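Participant: Shown below is the structure under consideration.
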Amino acid sequence: MEPRHQSPIIVVSSRHPPTREIVWNELRNRYGRDYEVADFRSPEEALTGLDGFTEAGRSVALIVSGFNDDDPDGISFLAEARMIDPAAKRAAIVNWGDFARASDTFDALASGMIDLYLVRPEQPRDEDFHSGITDALGEWALGQGQGFEAVRIIGEASARTTELRDTFIRNQIPIGFYPASSERGQSMLAGLGLDSPALPVVVLLFTDTPTVLTNPTDIEIADAFGLMKPLPDRQWDVAIVGAGPSGLAAAVYAASEGLATLVVEKQAVGGQAGTSSLIRNYPGFRRGVSGNKLTVSAFQQAWSFGTAFHFMRSATAIRRQGDELRLELSDGTTVRTRSVIIATGVEYRRLGIPSLDERVGRGVFYGAAVTEAPTMRDRTVFVVGGGNSAGQAVIHLSRFARRVTLLVRGPTLAASMSDYLIRQMQTTPNVEIRYSTEVVDGGGDDALDHIIVRNDEDGTESRLAAEGVFVLIGSEPHTGWLDGVVDRDEWGFIRTGRDLDARRFEGGRPPYSHETSLTGVFAVGDVRRGSVKRVASAVGAGAIAIQQIHQYLADQDDDS
């Protein structure tokens, strides 16, 4: 237990004595060992208290405020509190049955004035209330990057360091990062007996004796983690390439329905969805859910049903041999399987600007907002893109950065981004949106310190100070390894079902809706031509593909 003066703070504010007493007692009794719970009798007192905590260097994890007849300004107080401590989570406490305030509460949630709302407990041990509190505290703690370190990274800002941090965090491996040039970093290197090692240095602290790796490859890391055990020499019913939402959903349904299931993943579970800080429109999660939490839970679910996972490998080729498909992997092994699901997803396109691409990891990032956001504290940041991922990145970064500007190439966001994200950006004080604007250049002595943008309406160019640029534009499918094997469109997306020019497979049957031009090979998620770019649709596609594979395998058995 941390000393009291170091404990994070939970702030309670309400003019209504019963609300303040009930909430304060619930929070103190449940969380008092780990958090200091401070109560204030009005928003004015609470704002003064928050200023004092900030000046003292104290961390505020959560701010809760009543929203009732005595606290009609509870939501506006929470919005104002964000300017003092952007990282703190903000919750409005409403009374059960006060349905007249539902619309205002939902509007505040949609616009980002609050992070969640909770119904005031009316009896002891209100677990629904505490479920919301613990979720908020968990998200706050994840953003702070504090606590137990299973892995320690010592290095400098670089594309490889960013990639490693992103991979570990997305796989929910607790890490600590220390700049090699810092006094702490130098001390750590000396303690490991390393003098000018190749960076980054990765230290596994959970092994009996710390394992030290210098500038390791993914395979070397996987080997150190014990993930390089060879696959059993067997035939799988289905091999799934990619552990994004669609691949994980397919794994859950396949394994739970008795199919021998293997998932091959080259980096981290979750795909692009795993980098989303908050998905608010996924059905069933009224408070929203982070992409990482959603996809890691799906991974654990698939694993519990018996799915085998093979990490840090990618598929390099696929071919048919008799009644089997042979899936060749980057580690030189070959998987024998009766069917394959391709769920490799997409990656963000590069800007193609040398001065920026050479600074990846040193101020320029491709889709790594969740991992890098805390390092952007009090900085001037830009996000390039117009889709939901870009909007989610803006909202998440705005909790840390001094200023976040979204650069949109088109004249509007209406066709490319969900309305709730647009509204939230428009009501976030430190967020600006620039339309008809694209990045054309940038630079700095070492790390990024400026970008050049062009207004596409009048052609004028401007130099803007920039300490971070997050690029989330377009998408390129991971299908280069399928050249000459399955039909793809001109952009590399896989054609399936009726999109295959009415071709027929052997035996005269048409392809299933998610089946590719290669019999027994299916495609789901963003990699599939014409897919809906939403997590829920990707999950549905994974489930549908498994039902089609059941039918495909039954037909194969009937023919044999």
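Labels used: A, B, ... for chains in the order of the structure tokens, numbers from 1 for residues in each chain, and numbers from 1 for ligands as shown.
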Just the helix (DSSP H, G or I) stuff from range 311-414 of chain A, please, per backbone DSSP, written as a PyMOL selection string.
Facilitator: chain A and resi 354-357+369-376+388-397
Participant: Those same residues - C-alpha atoms - I'd like them written as a compact mmCIF listing (two decimals), in the first residue's frame.
Facilitator:
```
# COMPACT_ATOMS: atom_id res chain seq x y z
CA PRO A 354 10.46 11.04 -46.57
CA SER A 355 11.05 13.79 -44.02
CA LEU A 356 8.21 12.42 -41.89
CA ASP A 357 8.59 8.68 -42.50
CA ALA A 369 -2.35 6.73 -30.19
CA VAL A 370 -3.23 4.55 -27.20
CA THR A 371 0.37 3.62 -26.49
CA GLU A 372 1.92 7.02 -27.09
CA ALA A 373 -0.80 9.33 -25.78
CA PRO A 374 0.64 9.70 -22.24
CA THR A 375 3.98 10.81 -23.73
CA MET A 376 2.17 13.71 -25.46
CA ASN A 388 -13.61 6.64 -36.61
CA SER A 389 -10.11 5.54 -35.63
CA ALA A 390 -8.86 9.09 -36.19
CA GLY A 391 -11.72 10.53 -34.14
CA GLN A 392 -11.08 8.13 -31.27
CA ALA A 393 -7.39 9.03 -31.37
CA VAL A 394 -8.21 12.74 -31.16
CA ILE A 395 -10.46 12.27 -28.12
CA HIS A 396 -7.89 10.09 -26.34
CA LEU A 397 -4.97 12.40 -27.10
```
Participant: Once DSSP has gone over the backbone, tell me which residues of range 255-452 of chain A are in strand (DSSP E), as a PyMOL selection string.
Facilitator: chain A and resi 261-265+308-311+315-321+324-329+334-337+340-342+346-347+364-366+380-384+403-407+431-434+437-443+450-452
Participant: Quick one: residues within 12 Å of Arg101 in chain A, only C-alpha atoms counted, chain neighbours fewer than 6 positions away excluded, as a PyMOL selection string?
Facilitator: chain A and resi 66-69+71-75+92-95+107-108+117+119
Participant: Nearest to Ile114 in chain A among A:Thr211, A:Asn430, A:Gln424, A:Ser181, with distances taken over only C-alpha atoms: which residue is it?
Facilitator: A:Gln424
Participant: I need the residue nearest Arg41 in chain A from this list: A:Asp98, A:Glu21, A:Asp499, A:Asp195. Use only C-alpha atoms for the distance.
Facilitator: A:Glu21
Participant: Pick the closest to Leu248 in chain A from A:Ser277, A:Ala100, A:Asp559, A:Ile341: which is it, counting only C-alpha atoms?
Facilitator: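 When distances to Leu248 in chain A are compared using only C-alpha atoms, the smallest one comes from A:Ile341.
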Participant: List as a VMD selection string the protein and nucleic acid residues near Ala239 in chain A, meaning an atom at most 7 Å away when only C-alpha atoms are counted, but skip any in the same chain fewer than 3 places from it.
Facilitator: chain A and resid 236 261 to 263 337 339 to 341
